[in-house]
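Trainee: One file is attached below, final-v3.txt, containing compact mmCIF, C-alpha atoms.
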```
# COMPACT_ATOMS: atom_id res chain seq x y z
CA MET A 273 4.42 21.52 -4.72
CA GLU A 274 6.91 18.78 -3.92
CA GLN A 275 5.85 16.67 -0.97
CA ASN A 276 7.55 13.94 0.98
CA LYS A 277 5.96 11.40 -1.30
CA LEU A 278 6.84 8.32 -3.35
CA SER A 279 4.75 7.40 -6.36
CA MET A 280 5.25 4.16 -8.13
CA VAL A 281 3.90 2.51 -11.24
CA VAL A 282 3.62 -1.23 -10.70
CA PHE A 283 3.46 -2.68 -14.20
CA SER A 284 5.03 -6.07 -13.54
CA GLY A 285 3.14 -9.07 -12.24
CA ASP A 286 6.30 -11.00 -11.45
CA MET A 287 6.77 -12.18 -7.89
CA ASP A 288 10.33 -10.88 -7.57
CA LYS A 289 9.56 -7.46 -9.02
CA LEU A 290 6.45 -7.15 -6.87
CA MET A 291 8.59 -7.95 -3.85
CA ALA A 292 10.91 -5.11 -4.76
CA ALA A 293 7.93 -2.79 -5.22
CA PHE A 294 6.34 -3.66 -1.86
CA ILE A 295 9.65 -3.60 0.02
CA ILE A 296 10.39 -0.09 -1.26
CA ALA A 297 6.81 1.00 -0.53
CA THR A 298 6.79 -0.33 3.05
CA GLY A 299 10.28 1.04 3.68
CA ALA A 300 9.26 4.48 2.47
CA ALA A 301 6.03 4.45 4.48
CA ALA A 302 7.98 3.34 7.56
CA SER A 303 10.29 6.31 7.03
CA GLY A 304 7.38 8.71 7.13
CA MET A 305 6.77 9.11 3.40
CA GLU A 306 3.39 9.20 1.79
CA VAL A 307 3.28 6.34 -0.73
CA VAL A 308 1.04 5.82 -3.75
CA MET A 309 1.25 2.69 -5.88
CA PHE A 310 -0.43 2.63 -9.29
CA PHE A 311 -1.18 -0.84 -10.54
CA THR A 312 -1.44 -1.36 -14.26
CA PHE A 313 -1.49 -4.35 -16.63
CA TRP A 314 0.19 -7.39 -15.07
CA GLY A 315 0.66 -5.49 -11.85
CA LEU A 316 -3.09 -5.68 -11.24
CA GLN A 317 -2.57 -9.29 -10.18
CA ALA A 318 -1.00 -7.97 -6.99
CA ILE A 319 -4.31 -6.43 -5.89
CA LYS A 320 -6.68 -8.98 -7.42
CA LYS A 321 -8.84 -11.37 -5.45
CA SER A 322 -8.46 -15.07 -6.06
CA GLU A 323 -11.48 -15.19 -8.36
CA ARG A 324 -12.14 -15.92 -12.00
CA THR A 325 -12.61 -12.81 -14.09
CA GLY A 326 -13.63 -11.78 -17.59
CA LYS A 327 -16.80 -11.43 -19.63
CA SER A 328 -15.90 -12.07 -23.26
CA PHE A 329 -14.20 -15.22 -24.55
CA PHE A 330 -10.75 -13.61 -24.49
CA GLY A 331 -11.49 -11.92 -21.21
CA LYS A 332 -12.35 -15.26 -19.62
CA LEU A 333 -9.28 -16.85 -21.17
CA LEU A 334 -7.15 -14.11 -19.67
CA GLY A 335 -9.03 -14.43 -16.38
CA PHE A 336 -8.12 -18.09 -16.35
CA MET A 337 -4.42 -17.23 -16.62
CA LEU A 338 -4.28 -14.27 -14.27
CA LYS A 339 -3.06 -15.04 -10.77
CA ASP A 340 -3.48 -13.39 -7.41
CA ILE A 341 -0.63 -12.25 -5.17
CA ASN A 342 0.03 -15.76 -3.91
CA GLY A 343 0.05 -17.26 -7.38
CA VAL A 344 2.46 -15.02 -9.26
CA GLY A 345 5.82 -16.52 -10.20
CA PRO A 346 9.34 -15.07 -10.44
CA SER A 347 10.47 -13.29 -13.64
CA LYS A 348 13.18 -15.89 -14.20
CA MET A 349 13.35 -19.61 -13.55
CA ASN A 350 9.72 -20.21 -12.76
CA PHE A 351 9.66 -23.52 -14.65
CA GLY A 352 5.90 -23.86 -14.56
CA GLY A 353 5.57 -23.03 -10.87
CA ILE A 354 8.57 -24.91 -9.47
CA GLY A 355 10.52 -21.67 -9.23
CA ARG A 356 7.74 -20.02 -7.27
CA TRP A 357 7.56 -22.97 -4.89
CA MET A 358 11.33 -22.98 -4.42
CA PHE A 359 11.54 -19.22 -3.82
CA LYS A 360 8.74 -19.37 -1.26
CA LYS A 361 10.46 -22.22 0.56
CA MET A 362 13.80 -20.41 0.60
CA MET A 363 12.23 -17.16 1.75
CA LYS A 364 10.40 -18.93 4.55
CA ALA A 365 13.65 -20.61 5.66
CA LYS A 366 15.38 -17.20 5.74
CA ASN A 367 12.42 -15.59 7.49
CA VAL A 368 11.84 -13.06 4.70
CA ALA A 369 8.36 -11.57 4.58
CA MET A 370 6.12 -13.17 1.94
CA LEU A 371 4.58 -11.07 -0.78
CA ASN A 372 1.08 -11.17 0.72
CA GLN A 373 2.51 -10.17 4.13
CA LEU A 374 4.35 -7.28 2.52
CA ARG A 375 1.11 -6.13 0.94
CA ASP A 376 -0.73 -6.38 4.28
CA MET A 377 2.06 -4.38 5.87
CA ALA A 378 1.86 -1.74 3.15
CA ILE A 379 -1.89 -1.40 3.73
CA GLU A 380 -1.36 -1.18 7.48
CA LEU A 381 1.25 1.56 6.98
CA GLY A 382 -1.22 3.58 4.92
CA VAL A 383 0.20 2.97 1.44
CA LYS A 384 -2.40 3.95 -1.14
CA LEU A 385 -3.16 1.25 -3.73
CA VAL A 386 -4.64 2.64 -6.93
CA PRO A 387 -5.67 0.61 -9.98
CA CYS A 388 -5.46 1.84 -13.57
CA GLN A 389 -8.88 2.20 -15.17
CA MET A 390 -7.81 1.50 -18.75
CA SER A 391 -5.99 -1.74 -18.04
CA MET A 392 -8.86 -2.92 -15.84
CA GLU A 393 -11.11 -2.28 -18.81
CA VAL A 394 -8.86 -4.17 -21.24
CA MET A 395 -8.35 -7.11 -18.93
CA GLU A 396 -12.04 -7.15 -17.96
CA LEU A 397 -11.35 -6.72 -14.29
CA THR A 398 -14.00 -5.00 -12.22
CA GLN A 399 -13.59 -3.25 -8.87
CA ASP A 400 -15.34 -6.11 -7.03
CA LYS A 401 -12.61 -8.48 -8.25
CA LEU A 402 -9.96 -6.37 -6.51
CA ILE A 403 -9.21 -6.51 -2.79
CA PRO A 404 -11.40 -4.07 -0.81
CA GLN A 405 -8.49 -1.85 0.31
CA VAL A 406 -7.93 -0.67 -3.26
CA ALA A 407 -8.96 2.90 -4.15
CA GLN A 408 -11.16 3.86 -7.09
CA PRO A 409 -9.51 3.39 -10.50
CA VAL A 410 -7.80 6.38 -12.12
CA GLY A 411 -6.04 7.36 -15.34
CA VAL A 412 -2.65 8.62 -16.37
CA ALA A 413 -3.35 12.25 -15.49
CA THR A 414 -3.89 11.32 -11.84
CA PHE A 415 -0.62 9.44 -11.76
CA LEU A 416 1.24 12.34 -13.38
CA GLU A 417 -0.25 14.77 -10.89
CA GLU A 418 0.92 12.58 -8.00
CA ALA A 419 4.31 12.05 -9.66
CA ARG A 420 4.78 15.77 -10.19
CA ASN A 421 4.41 16.32 -6.45
CA SER A 422 6.63 13.40 -5.45
CA LYS A 423 10.24 13.31 -4.37
CA ILE A 424 10.67 9.85 -5.78
CA THR A 425 8.97 8.16 -8.72
CA LEU A 426 9.55 4.59 -9.80
CA PHE A 427 8.38 2.27 -12.55
CA ILE A 428 8.52 -1.41 -11.70
CA MET B 114 27.60 5.24 27.87
CA THR B 115 24.75 3.32 26.31
CA GLU B 116 24.48 1.23 29.48
CA GLN B 117 23.46 4.20 31.63
CA MET B 118 20.68 5.45 29.40
CA LYS B 119 17.14 4.74 30.46
CA VAL B 120 15.55 2.61 27.76
CA ASP B 121 11.77 2.81 27.48
CA LEU B 122 11.32 -0.07 25.05
CA VAL B 123 13.49 -2.96 23.95
CA LEU B 124 12.64 -4.09 20.46
CA ASP B 125 13.62 -7.61 19.50
CA LEU B 126 14.33 -7.63 15.76
CA LYS B 127 16.41 -10.79 15.73
CA GLY B 128 15.93 -13.00 12.68
CA LEU B 129 14.13 -10.30 10.71
CA LEU B 130 15.32 -9.17 7.30
CA CYS B 131 14.69 -6.07 5.20
CA PRO B 132 12.26 -4.29 5.31
CA LEU B 133 10.96 -5.70 8.61
CA PRO B 134 13.43 -4.10 11.05
CA ILE B 135 12.54 -0.56 10.01
CA VAL B 136 8.84 -1.37 9.60
CA LYS B 137 8.69 -2.75 13.16
CA LEU B 138 10.76 0.15 14.41
CA SER B 139 8.44 2.71 12.84
CA GLN B 140 5.39 0.95 14.25
CA ALA B 141 6.88 0.70 17.73
CA ILE B 142 7.95 4.34 17.88
CA LYS B 143 4.46 5.53 16.95
CA ASP B 144 3.01 4.49 20.30
CA LEU B 145 5.73 6.10 22.41
CA PRO B 146 5.84 9.67 23.75
CA VAL B 147 8.37 12.21 22.48
CA GLY B 148 11.63 11.79 24.35
CA ALA B 149 11.29 8.03 24.66
CA ILE B 150 14.28 5.83 23.91
CA ILE B 151 14.07 2.55 22.02
CA GLU B 152 16.75 -0.06 22.03
CA GLY B 153 16.74 -2.34 19.01
CA ILE B 154 18.50 -5.66 18.79
CA ALA B 155 18.82 -7.14 15.30
CA THR B 156 20.75 -9.85 13.50
CA ASP B 157 20.42 -8.46 9.96
CA PRO B 158 23.76 -6.78 9.07
CA GLY B 159 21.77 -4.45 6.82
CA VAL B 160 20.53 -2.47 9.83
CA MET B 161 24.00 -0.91 10.21
CA ALA B 162 23.24 1.17 7.12
CA ASP B 163 19.45 1.11 7.20
CA VAL B 164 18.73 2.27 10.75
CA PRO B 165 20.84 5.46 10.39
CA ALA B 166 19.18 6.08 6.99
CA TRP B 167 15.73 5.49 8.50
CA ALA B 168 16.50 7.89 11.36
CA LYS B 169 17.59 10.56 8.91
CA ALA B 170 14.54 10.09 6.67
CA SER B 171 12.01 9.98 9.48
CA GLY B 172 13.62 12.75 11.55
CA GLN B 173 14.32 10.65 14.64
CA GLU B 174 17.58 10.71 16.56
CA LEU B 175 20.04 7.87 16.34
CA ILE B 176 22.01 7.86 19.59
CA SER B 177 24.24 4.90 18.85
CA ILE B 178 24.55 1.76 16.77
CA GLU B 179 27.09 -0.97 17.26
CA GLN B 180 27.86 -4.58 16.52
CA ARG B 181 28.29 -6.95 19.42
CA ASP B 182 29.22 -10.45 18.32
CA LYS B 183 26.55 -11.35 15.81
CA GLU B 184 24.01 -8.83 17.05
CA TYR B 185 23.47 -5.24 16.09
CA ARG B 186 22.27 -2.94 18.83
CA PHE B 187 21.07 0.58 18.42
CA LEU B 188 19.43 3.33 20.43
CA ILE B 189 16.87 5.65 18.91
CA LYS B 190 15.35 8.66 20.62
CA LYS B 191 11.93 9.80 19.55
CA VAL B 192 12.23 13.54 18.94
CA LYS B 193 8.98 14.21 17.10
```
As structure tokens, what does this structure read like?
Mentor:
Amino acid sequence: MEQNKLSMVVFSGDMDKLMAAFIIATGAAASGMEVVMFFTFWGLQAIKKSERTGKSFFGKLLGFMLKDINGVGPSKMNFGGIGRWMFKKMMKAKNVAMLNQLRDMAIELGVKLVPCQMSMEVMELTQDKLIPQVAQPVGVATFLEEARNSKITLFI
Amino acid sequence: MTEQMKVDLVLDLKGLLCPLPIVKLSQAIKDLPVGAIIEGIATDPGVMADVPAWAKASGQELISIEQRDKEYRFLIKKVK
């Protein structure tokens, strides 16, 4: 049955795309919608703690490169972190909410944050490396079930 | 007309950009009783489209919205 719900796949780990995702999520929640965000692959960085991850050699290598929500850079013009720094400065000057504040707001508004089990497995991320507000990991069938009952579905 | 209405809460949204005006509005309205009237004052031109859209989506009543100089003022009545 269709509910007043928004379900979103957050695939990207880019700062700008994550901003779009969290702005839409908070806006929807503020308008009385139920919101579920599924984090997969690079998107997992948005709900990751600032800790080293990985078990195997490659897993540790990946863990070394993965960022947390404050460390992710824009999809264009990052220039090794300068772009991120510049965007943050400009956003602060314009009084735009930072990515971590948007995530806090989403949590406060009751947005459900759900990680993808398979990509956690591949990237060697465990539940204890994710922020505590994150739900138990799920698979594609759970997303599809939520999406089937949603008015809006998005892939970011 | 807007001058005579009894406002229960004045919400200062000046300097805030999307999505903060509607997030703050939704949080503020939660604590008020049904029938209460909120006056919002914002500087983000986006509220002219977003506040009516928010009211429609969340089922609250938009009484008025207008631009005065560089400020945008609106009245929302909590109906549910």
Trainee: Could you please select, counting all atoms listed in the file, the residues of chain B within 6 Å of chain A and state them as a list in words?
Mentor: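 Matching residues, ligands excluded from the count: Leu130, Pro132, Val136, Ser139, Trp167, Ala170 and Ser171 of chain B.
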Trainee: Rounded to one decimal, what separation in Å do you get between atom CA of B:Gln180 and atom CA of B:Ala155?
Mentor: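 Between these atoms lies a distance of 9.5 Å.
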Trainee: Name the closest residue to A:Val386 among the candidates A:Met309, A:Met291, A:Ile428, A:Leu334; distances are taken between atoms, counting all atoms listed in the file.
Mentor: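 Distance minimum relative to A:Val386 lands on A:Met309.
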Trainee: Name all residues at most 12 Å from A:Lys364 (count all atoms listed in the file; drop same-chain ones fewer than 6 positions away) and give them as a compact mmCIF listing (two decimals) with C-alpha atoms, keeping the file's coordinate frame.
Mentor:
```txt
# COMPACT_ATOMS: atom_id res chain seq x y z
CA TRP A 357 7.56 -22.97 -4.89
CA MET A 358 11.33 -22.98 -4.42
CA MET A 370 6.12 -13.17 1.94
CA LEU A 371 4.58 -11.07 -0.78
CA GLN A 373 2.51 -10.17 4.13
CA GLY B 128 15.93 -13.00 12.68
CA LEU B 129 14.13 -10.30 10.71
CA LEU B 130 15.32 -9.17 7.30
```
Trainee: Show which residues sit within 12 Å of A:Val406, as a PyMOL selection string. Count all atoms listed in the file, and ignore same-chain residues fewer than 2 positions away.
Mentor: chain A and resi 308-311+316+318-321+375-376+378-379+382-388+398-404+408-410
Trainee: Residues within 9 Å of stretch 420-423 of chain A, please, as a list in words. Count only C-alpha atoms; anything in the same chain fewer than 6 positions from it doesn't count.
Mentor: Met273, Glu274, Gln275, Asn276, Lys277, Leu278, Ser279 and Glu306 of chain A
Trainee: What gap, in Å, lies between atom CA of A:Phe313 and atom CA of A:Asn350?
Mentor: 19.8 Å
Trainee: Report, in Å with one decimal, the straight-line distance from atom CA of B:Met161 to atom CA of B:Phe187.
Mentor: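 Atom CA of B:Phe187 lies 8.8 Å from atom CA of B:Met161.
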Trainee: I need the residue nearest B:Glu174 from this list: B:Leu138, B:Val192, B:Leu122, B:Leu145. Use only C-alpha atoms for the distance.
Mentor: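 Smallest separation from B:Glu174 among the options: B:Val192.
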Trainee: For A:Val344, which residue out of A:Met362, A:Met287, A:Val281, A:Leu426 is the nearest one, using only C-alpha atoms?
Mentor: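 Smallest distance to A:Val344 is found for A:Met287.
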Trainee: For a quick check of understanding, using only C-alpha atoms, which of A:Met363, A:Ile424, A:Ala292, A:Met395 has the smallest distance to A:Gln317?
Mentor: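 Ranked by minimum distance to A:Gln317, first place goes to A:Met395.
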Trainee: Rank nothing, just name the residue among B:Glu152, B:Asp125, B:Asp163, B:Asp144 nearest to B:Lys190, using only C-alpha atoms.
Mentor: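 Of B:Glu152, B:Asp125, B:Asp163, B:Asp144, the one nearest B:Lys190, counting only C-alpha atoms, is B:Glu152.
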Trainee: Which neighbours of B:Pro146 fall inside 9 Å, counting only C-alpha atoms, when residues of the same chain fewer than 4 positions from it are skipped, and could you give them as an MDAnalysis selection string?
Mentor: chainID B and resid 142 191:193
Trainee: Would you please work out which residue, of B:Gly172, B:Ile189, B:Ile151, B:Ala162, is nearest to B:Asp121 when using all atoms listed in the file?
Mentor: B:Ile151
Trainee: Show me the residues around (21.7, -8.2, 10.4) - criterion: an atom at most 10 Å away, only C-alpha atoms counted - as a list in words.
Mentor: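 The requested residues, written out, are Leu126, Lys127, Gly128, Leu129, Leu130, Cys131, Pro134, Ile154, Ala155, Thr156, Asp157, Pro158, Gly159, Val160, Met161, Gln180, Lys183, Glu184, Tyr185 and Arg186 of chain B.
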Trainee: Taking (10.2, -15.6, -17.0) in the file's own coordinates, collect the residues within 12 Å, counting only C-alpha atoms, and hand them back as a PyMOL selection string.
Mentor: chain A and resi 284-289+344-353+355-356
Trainee: Just C-alpha atoms for this one: save the residues we selected as a short mmCIF file (atom, residue, chain, number, x, y, z; two decimals), in the frame of the given file.
Mentor:
```cif
data_model
loop_
_atom_site.label_atom_id
_atom_site.label_comp_id
_atom_site.auth_asym_id
_atom_site.auth_seq_id
_atom_site.Cartn_x
_atom_site.Cartn_y
_atom_site.Cartn_z
CA SER A 284 5.03 -6.07 -13.54
CA GLY A 285 3.14 -9.07 -12.24
CA ASP A 286 6.30 -11.00 -11.45
CA MET A 287 6.77 -12.18 -7.89
CA ASP A 288 10.33 -10.88 -7.57
CA LYS A 289 9.56 -7.46 -9.02
CA VAL A 344 2.46 -15.02 -9.26
CA GLY A 345 5.82 -16.52 -10.20
CA PRO A 346 9.34 -15.07 -10.44
CA SER A 347 10.47 -13.29 -13.64
CA LYS A 348 13.18 -15.89 -14.20
CA MET A 349 13.35 -19.61 -13.55
CA ASN A 350 9.72 -20.21 -12.76
CA PHE A 351 9.66 -23.52 -14.65
CA GLY A 352 5.90 -23.86 -14.56
CA GLY A 353 5.57 -23.03 -10.87
CA GLY A 355 10.52 -21.67 -9.23
CA ARG A 356 7.74 -20.02 -7.27
#
```
